[in-house]
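Raw contents of start.tsv, TSV, N, CA and C atoms:
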chain	number	residue	atom	x	y	z
V	960	MET	N	119.62	89.46	77.34
V	960	MET	CA	118.38	89.49	76.59
V	960	MET	C	117.23	89.86	77.53
V	961	PRO	N	116.27	90.61	77.01
V	961	PRO	CA	115.14	90.99	77.87
V	961	PRO	C	114.23	89.81	78.16
V	962	SER	N	113.54	89.91	79.28
V	962	SER	CA	112.55	88.89	79.63
V	962	SER	C	111.18	89.56	79.63
V	963	PHE	N	110.14	88.73	79.50
V	963	PHE	CA	108.79	89.24	79.39
V	963	PHE	C	107.91	88.60	80.45
V	964	LYS	N	107.12	89.42	81.14
V	964	LYS	CA	106.20	88.91	82.16
V	964	LYS	C	105.06	88.15	81.48
V	965	ILE	N	104.62	87.08	82.12
V	965	ILE	CA	103.49	86.31	81.64
V	965	ILE	C	102.34	86.51	82.62
V	966	ASP	N	101.21	86.97	82.11
V	966	ASP	CA	100.04	87.24	82.93
V	966	ASP	C	99.23	85.96	83.10
V	967	LEU	N	99.13	85.48	84.33
V	967	LEU	CA	98.37	84.27	84.64
V	967	LEU	C	97.08	84.59	85.40
V	968	SER	N	96.67	85.85	85.39
V	968	SER	CA	95.52	86.26	86.20
V	968	SER	C	94.23	85.55	85.84
V	969	THR	N	94.07	85.10	84.61
V	969	THR	CA	92.84	84.40	84.21
V	969	THR	C	93.07	82.91	84.00
V	970	ALA	N	94.27	82.43	84.27
V	970	ALA	CA	94.63	81.03	84.02
V	970	ALA	C	94.45	80.16	85.25
V	971	VAL	N	94.28	78.88	85.00
V	971	VAL	CA	94.31	77.86	86.04
V	971	VAL	C	95.61	77.09	85.84
V	972	VAL	N	96.40	76.92	86.90
V	972	VAL	CA	97.71	76.30	86.78
V	972	VAL	C	97.78	75.09	87.71
V	973	PHE	N	98.27	73.97	87.16
V	973	PHE	CA	98.44	72.73	87.92
V	973	PHE	C	99.88	72.25	87.78
V	974	VAL	N	100.36	71.53	88.78
V	974	VAL	CA	101.67	70.89	88.67
V	974	VAL	C	101.52	69.69	87.73
V	975	ALA	N	102.38	69.61	86.74
V	975	ALA	CA	102.40	68.46	85.83
V	975	ALA	C	103.49	67.48	86.24
V	976	THR	N	104.67	68.00	86.60
V	976	THR	CA	105.76	67.15	87.08
V	976	THR	C	106.38	67.82	88.30
V	977	ALA	N	106.70	67.02	89.31
V	977	ALA	CA	107.27	67.53	90.56
V	977	ALA	C	108.63	68.17	90.30
V	978	PRO	N	109.04	69.10	91.16
V	978	PRO	CA	110.35	69.74	91.01
V	978	PRO	C	111.49	68.73	91.03
V	979	THR	N	112.45	68.96	90.15
V	979	THR	CA	113.67	68.16	90.11
V	979	THR	C	114.86	69.11	90.06
V	980	PRO	N	116.01	68.72	90.61
V	980	PRO	CA	117.18	69.59	90.57
V	980	PRO	C	117.58	69.91	89.13
V	981	LYS	N	117.91	71.18	88.89
V	981	LYS	CA	118.41	71.60	87.58
V	981	LYS	C	119.93	71.49	87.62
V	982	LEU	N	120.50	70.87	86.61
V	982	LEU	CA	121.94	70.66	86.57
V	982	LEU	C	122.62	71.65	85.63
V	983	ALA	N	123.75	72.18	86.06
V	983	ALA	CA	124.57	73.05	85.22
V	983	ALA	C	125.44	72.20	84.31
V	984	ASN	N	125.85	71.02	84.81
V	984	ASN	CA	126.69	70.11	84.05
V	984	ASN	C	126.20	68.68	84.29
V	985	VAL	N	125.62	68.08	83.28
V	985	VAL	CA	125.06	66.74	83.42
V	985	VAL	C	126.16	65.70	83.70
V	986	LYS	N	127.32	65.86	83.08
V	986	LYS	CA	128.41	64.90	83.25
V	986	LYS	C	128.93	64.85	84.68
V	987	THR	N	129.07	66.02	85.30
V	987	THR	CA	129.64	66.07	86.65
V	987	THR	C	128.56	66.07	87.73
V	988	GLY	N	127.31	66.34	87.34
V	988	GLY	CA	126.23	66.41	88.32
V	988	GLY	C	126.19	67.75	89.04
V	989	GLU	N	126.95	68.73	88.56
V	989	GLU	CA	126.99	70.04	89.20
V	989	GLU	C	125.62	70.71	89.12
V	990	ARG	N	125.15	71.19	90.23
V	990	ARG	CA	123.82	71.80	90.35
V	990	ARG	C	123.84	73.23	89.82
V	991	ALA	N	122.81	73.63	89.10
V	991	ALA	CA	122.66	75.02	88.65
V	991	ALA	C	122.27	75.88	89.84
V	992	MET	N	122.85	77.07	89.91
V	992	MET	CA	122.61	77.98	91.02
V	992	MET	C	122.11	79.32	90.48
V	993	ASP	N	121.28	79.99	91.27
V	993	ASP	CA	120.79	81.31	90.92
V	993	ASP	C	121.96	82.29	91.00
V	994	ARG	N	122.17	83.05	89.95
V	994	ARG	CA	123.32	83.96	89.91
V	994	ARG	C	123.20	85.10	90.91
V	995	GLU	N	121.97	85.51	91.21
V	995	GLU	CA	121.79	86.64	92.12
V	995	GLU	C	121.80	86.23	93.59
V	996	THR	N	121.13	85.14	93.92
V	996	THR	CA	120.98	84.76	95.34
V	996	THR	C	121.86	83.59	95.76
V	997	GLY	N	122.36	82.82	94.79
V	997	GLY	CA	123.16	81.64	95.12
V	997	GLY	C	122.32	80.43	95.48
V	998	ALA	N	120.98	80.54	95.41
V	998	ALA	CA	120.10	79.42	95.75
V	998	ALA	C	120.15	78.36	94.65
V	999	PRO	N	120.10	77.07	95.04
V	999	PRO	CA	120.03	75.99	94.04
V	999	PRO	C	118.74	76.12	93.23
V	1000	LEU	N	118.82	75.74	91.95
V	1000	LEU	CA	117.67	75.84	91.06
V	1000	LEU	C	117.04	74.47	90.82
V	1001	SER	N	115.75	74.49	90.59
V	1001	SER	CA	115.00	73.28	90.25
V	1001	SER	C	114.14	73.58	89.03
V	1002	THR	N	113.61	72.52	88.43
V	1002	THR	CA	112.70	72.65	87.31
V	1002	THR	C	111.41	71.93	87.66
V	1003	VAL	N	110.27	72.57	87.37
V	1003	VAL	CA	108.96	71.98	87.63
V	1003	VAL	C	108.12	72.12	86.37
V	1004	GLY	N	107.36	71.08	86.05
V	1004	GLY	CA	106.46	71.13	84.91
V	1004	GLY	C	105.12	71.68	85.34
V	1005	LEU	N	104.62	72.69	84.62
V	1005	LEU	CA	103.34	73.29	84.94
V	1005	LEU	C	102.39	73.20	83.75
V	1006	LEU	N	101.14	72.83	84.02
V	1006	LEU	CA	100.10	72.84	83.01
V	1006	LEU	C	99.30	74.11	83.22
V	1007	VAL	N	99.31	74.97	82.21
V	1007	VAL	CA	98.61	76.25	82.28
V	1007	VAL	C	97.42	76.19	81.33
V	1008	SER	N	96.23	76.36	81.90
V	1008	SER	CA	95.00	76.32	81.12
V	1008	SER	C	94.36	77.70	81.14
V	1009	ASP	N	94.14	78.26	79.95
V	1009	ASP	CA	93.56	79.60	79.85
V	1009	ASP	C	92.81	79.73	78.53
V	1010	GLU	N	91.61	80.26	78.59
V	1010	GLU	CA	90.79	80.51	77.40
V	1010	GLU	C	90.62	79.26	76.54
V	1011	GLY	N	90.40	78.12	77.20
V	1011	GLY	CA	90.14	76.88	76.48
V	1011	GLY	C	91.35	76.18	75.91
V	1012	GLU	N	92.53	76.66	76.19
V	1012	GLU	CA	93.76	76.03	75.69
V	1012	GLU	C	94.67	75.68	76.86
V	1013	GLY	N	95.38	74.57	76.73
V	1013	GLY	CA	96.32	74.17	77.77
V	1013	GLY	C	97.72	74.05	77.20
V	1014	SER	N	98.71	74.46	77.98
V	1014	SER	CA	100.11	74.37	77.55
V	1014	SER	C	100.95	73.85	78.71
V	1015	LEU	N	101.96	73.08	78.37
V	1015	LEU	CA	102.89	72.55	79.36
V	1015	LEU	C	104.18	73.35	79.29
V	1016	TYR	N	104.61	73.87	80.45
V	1016	TYR	CA	105.83	74.65	80.54
V	1016	TYR	C	106.78	74.02	81.55
V	1017	GLN	N	108.06	73.97	81.21
V	1017	GLN	CA	109.10	73.59	82.16
V	1017	GLN	C	109.64	74.89	82.73
V	1018	VAL	N	109.44	75.10	84.02
V	1018	VAL	CA	109.76	76.38	84.66
V	1018	VAL	C	110.89	76.19	85.65
V	1019	THR	N	111.89	77.05	85.55
V	1019	THR	CA	113.00	77.06	86.51
V	1019	THR	C	112.60	77.93	87.69
V	1020	ILE	N	112.93	77.44	88.89
V	1020	ILE	CA	112.57	78.16	90.11
V	1020	ILE	C	113.64	77.90	91.17
V	1021	PRO	N	113.97	78.92	91.97
V	1021	PRO	CA	114.93	78.67	93.05
V	1021	PRO	C	114.30	77.77	94.10
V	1022	GLU	N	115.11	76.94	94.73
V	1022	GLU	CA	114.61	76.03	95.77
V	1022	GLU	C	113.92	76.79	96.90
V	1023	THR	N	114.32	78.03	97.10
V	1023	THR	CA	113.70	78.84	98.15
V	1023	THR	C	112.31	79.33	97.75
V	1024	GLY	N	111.89	79.10	96.51
V	1024	GLY	CA	110.62	79.60	96.01
V	1024	GLY	C	109.48	78.61	96.03
V	1025	TYR	N	109.69	77.44	96.64
V	1025	TYR	CA	108.60	76.47	96.75
V	1025	TYR	C	108.81	75.59	97.98
V	1026	GLN	N	107.73	74.96	98.41
V	1026	GLN	CA	107.79	74.07	99.57
V	1026	GLN	C	107.60	72.64	99.10
V	1027	GLU	N	107.92	71.70	99.98
V	1027	GLU	CA	107.69	70.28	99.71
V	1027	GLU	C	106.22	70.06	99.39
V	1028	GLY	N	105.93	69.03	98.64
V	1028	GLY	CA	104.54	68.66	98.40
V	1028	GLY	C	103.98	69.12	97.07
V	1029	LEU	N	104.81	69.70	96.19
V	1029	LEU	CA	104.31	70.05	94.86
V	1029	LEU	C	104.28	68.77	94.03
V	1030	THR	N	103.13	68.12	94.05
V	1030	THR	CA	102.97	66.85	93.34
V	1030	THR	C	102.04	67.04	92.15
V	1031	PRO	N	102.15	66.18	91.14
V	1031	PRO	CA	101.31	66.31	89.96
V	1031	PRO	C	99.82	66.35	90.29
V	1032	GLY	N	99.13	67.29	89.64
V	1032	GLY	CA	97.69	67.40	89.78
V	1032	GLY	C	97.21	68.48	90.72
V	1033	ILE	N	98.08	69.00	91.59
V	1033	ILE	CA	97.59	70.00	92.53
V	1033	ILE	C	97.60	71.39	91.88
V	1034	PRO	N	96.58	72.20	92.19
V	1034	PRO	CA	96.56	73.57	91.67
V	1034	PRO	C	97.60	74.43	92.40
V	1035	VAL	N	98.19	75.36	91.68
V	1035	VAL	CA	99.21	76.23	92.26
V	1035	VAL	C	99.02	77.67	91.80
V	1036	LYS	N	99.63	78.55	92.57
V	1036	LYS	CA	99.73	79.96	92.20
V	1036	LYS	C	101.19	80.21	91.86
V	1037	VAL	N	101.43	80.87	90.73
V	1037	VAL	CA	102.78	81.15	90.27
V	1037	VAL	C	103.04	82.65	90.39
V	1038	THR	N	104.13	83.00	91.03
V	1038	THR	CA	104.51	84.40	91.21
V	1038	THR	C	105.69	84.73	90.33
V	1039	GLY	N	105.57	85.81	89.59
V	1039	GLY	CA	106.71	86.33	88.81
V	1039	GLY	C	107.15	85.47	87.65
V	1040	LEU	N	106.21	84.89	86.91
V	1040	LEU	CA	106.59	84.06	85.76
V	1040	LEU	C	107.04	84.95	84.62
V	1041	LYS	N	108.21	84.65	84.08
V	1041	LYS	CA	108.78	85.39	82.95
V	1041	LYS	C	109.28	84.43	81.89
V	1042	ALA	N	109.27	84.90	80.65
V	1042	ALA	CA	109.80	84.13	79.52
V	1042	ALA	C	110.99	84.90	78.94
V	1043	ARG	N	111.97	84.13	78.48
V	1043	ARG	CA	113.16	84.73	77.86
V	1043	ARG	C	113.59	83.84	76.70
V	1044	ASP	N	113.90	84.46	75.57
V	1044	ASP	CA	114.39	83.67	74.45
V	1044	ASP	C	115.89	83.45	74.60
V	1045	TRP	N	116.37	82.33	74.05
V	1045	TRP	CA	117.79	82.01	74.15
V	1045	TRP	C	118.27	81.38	72.84
V	1046	GLU	N	119.58	81.45	72.64
V	1046	GLU	CA	120.19	80.83	71.46
V	1046	GLU	C	121.63	80.47	71.83
V	1047	ASN	N	122.06	79.29	71.39
V	1047	ASN	CA	123.46	78.91	71.58
V	1047	ASN	C	123.89	78.00	70.44
V	1048	GLU	N	125.19	77.74	70.39
V	1048	GLU	CA	125.73	76.85	69.36
V	1048	GLU	C	126.49	75.74	70.06
V	1049	PHE	N	126.21	74.51	69.66
V	1049	PHE	CA	126.86	73.34	70.26
V	1049	PHE	C	127.21	72.38	69.13
V	1050	ASN	N	128.50	72.03	69.03
V	1050	ASN	CA	128.98	71.14	67.97
V	1050	ASN	C	128.58	71.63	66.59
V	1051	GLY	N	128.65	72.95	66.39
V	1051	GLY	CA	128.36	73.53	65.09
V	1051	GLY	C	126.88	73.66	64.75
V	1052	GLN	N	126.02	73.30	65.67
V	1052	GLN	CA	124.59	73.42	65.41
V	1052	GLN	C	124.00	74.50	66.31
V	1053	LYS	N	123.24	75.40	65.67
V	1053	LYS	CA	122.58	76.45	66.45
V	1053	LYS	C	121.28	75.90	67.02
V	1054	ARG	N	121.04	76.26	68.28
V	1054	ARG	CA	119.81	75.87	68.97
V	1054	ARG	C	119.19	77.13	69.55
V	1055	HIS	N	117.88	77.12	69.66
V	1055	HIS	CA	117.20	78.27	70.23
V	1055	HIS	C	115.89	77.82	70.86
V	1056	GLY	N	115.36	78.66	71.71
V	1056	GLY	CA	114.10	78.33	72.37
V	1056	GLY	C	113.68	79.43	73.31
V	1057	ILE	N	112.73	79.09	74.18
V	1057	ILE	CA	112.23	80.02	75.18
V	1057	ILE	C	112.36	79.33	76.53
V	1058	SER	N	112.93	80.03	77.49
V	1058	SER	CA	113.03	79.50	78.85
V	1058	SER	C	112.06	80.25	79.74
V	1059	PHE	N	111.58	79.56	80.77
V	1059	PHE	CA	110.61	80.13	81.70
V	1059	PHE	C	111.19	80.11	83.10
V	1060	ARG	N	110.93	81.18	83.84
V	1060	ARG	CA	111.47	81.31	85.18
V	1060	ARG	C	110.41	81.93	86.08
V	1061	ALA	N	110.31	81.45	87.31
V	1061	ALA	CA	109.37	82.02	88.27
V	1061	ALA	C	110.09	82.33	89.57
V	1062	ILE	N	109.52	83.23	90.34
V	1062	ILE	CA	110.06	83.57	91.65
V	1062	ILE	C	109.57	82.56	92.68
V	1063	ALA	N	108.28	82.22	92.61
V	1063	ALA	CA	107.71	81.30	93.59
V	1063	ALA	C	106.51	80.54	93.02
V	1064	ILE	N	106.31	79.34	93.55
V	1064	ILE	CA	105.14	78.51	93.23
V	1064	ILE	C	104.56	78.07	94.57
V	1065	THR	N	103.28	78.39	94.76
V	1065	THR	CA	102.62	78.11	96.02
V	1065	THR	C	101.47	77.13	95.80
V	1066	ALA	N	101.41	76.07	96.62
V	1066	ALA	CA	100.33	75.08	96.50
V	1066	ALA	C	99.01	75.70	96.89
V	1067	GLY	N	97.95	75.23	96.23
V	1067	GLY	CA	96.60	75.73	96.53
V	1067	GLY	C	96.32	77.04	95.85
V	1068	VAL	N	95.07	77.33	95.68
V	1068	VAL	CA	94.70	78.58	95.00
V	1068	VAL	C	93.74	79.37	95.85
Rendering of file as structure tokens:
Amino acid sequence: MPSFKIDLSTAVVFVATAPTPKLANVKTGERAMDRETGAPLSTVGLLVSDEGEGSLYQVTIPETGYQEGLTPGIPVKVTGLKARDWENEFNGQKRHGISFRAIAITAGV
């Protein structure tokens, strides 16, 4: 499925939740890995404020794309944020949504 770039050039972005490991299998604890680079993946909550509106996004990022110290409340710069729609079926129920992925998140603006 195609992905779409998200323009954050006029937005202010803050960390809402610190990065946590993304799991491929919750039961076994297996860590999700980037298919292209093999880097472990994490998820970070970002508050994006633009044009008087704020939205909370859960963004997947490779561990190599951020440094220690991304704590709630600090402003960040996000590089390469993209959105992709997804759909799957689990136990006979269809689910769908939008996933967000970034190349890097840098503290400070």
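Between atom N of Ile1057 of chain V and atom C of Pro999 of chain V lies a distance of 20.2 Å.
Atom to atom, atom N of Leu1000 of chain V and atom N of Val971 of chain V stand 25.7 Å apart.
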So which bits of chain V end up strand (DSSP E) when you DSSP the backbone, as a ChimeraX atom specification? /V:962-964,971-980,982-984,989-990,1000-1009,1012-1021,1035-1038,1041-1049,1052-1060,1063-1066
Across V:Ala977, V:Ala983, V:Leu967, V:Ala991, the smallest distance to Gln1026 of chain V, with only C-alpha atoms counted, is shown by V:Ala977
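Pairwise distance (atom C of Gly1056 of chain V, atom C of Ser1014 of chain V) equals 14.9 Å.
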Using only C-alpha atoms, which residues sit within 7 Å of Pro1031 of chain V once same-chain residues fewer than 4 positions away are excluded, as a ChimeraX atom specification? /V:974-977
Take the selection from the previous step and output its residues with N, CA and C atoms, as an mmCIF file, keeping the file's coordinate frame.
data_model
loop_
_atom_site.group_PDB
_atom_site.id
_atom_site.type_symbol
_atom_site.label_atom_id
_atom_site.label_comp_id
_atom_site.auth_asym_id
_atom_site.auth_seq_id
_atom_site.Cartn_x
_atom_site.Cartn_y
_atom_site.Cartn_z
ATOM 1 N N VAL V 974 100.360 71.530 88.780
ATOM 2 C CA VAL V 974 101.670 70.890 88.670
ATOM 3 C C VAL V 974 101.520 69.690 87.730
ATOM 4 N N ALA V 975 102.380 69.610 86.740
ATOM 5 C CA ALA V 975 102.400 68.460 85.830
ATOM 6 C C ALA V 975 103.490 67.480 86.240
ATOM 7 N N THR V 976 104.670 68.000 86.600
ATOM 8 C CA THR V 976 105.760 67.150 87.080
ATOM 9 C C THR V 976 106.380 67.820 88.300
ATOM 10 N N ALA V 977 106.700 67.020 89.310
ATOM 11 C CA ALA V 977 107.270 67.530 90.560
ATOM 12 C C ALA V 977 108.630 68.170 90.300
#
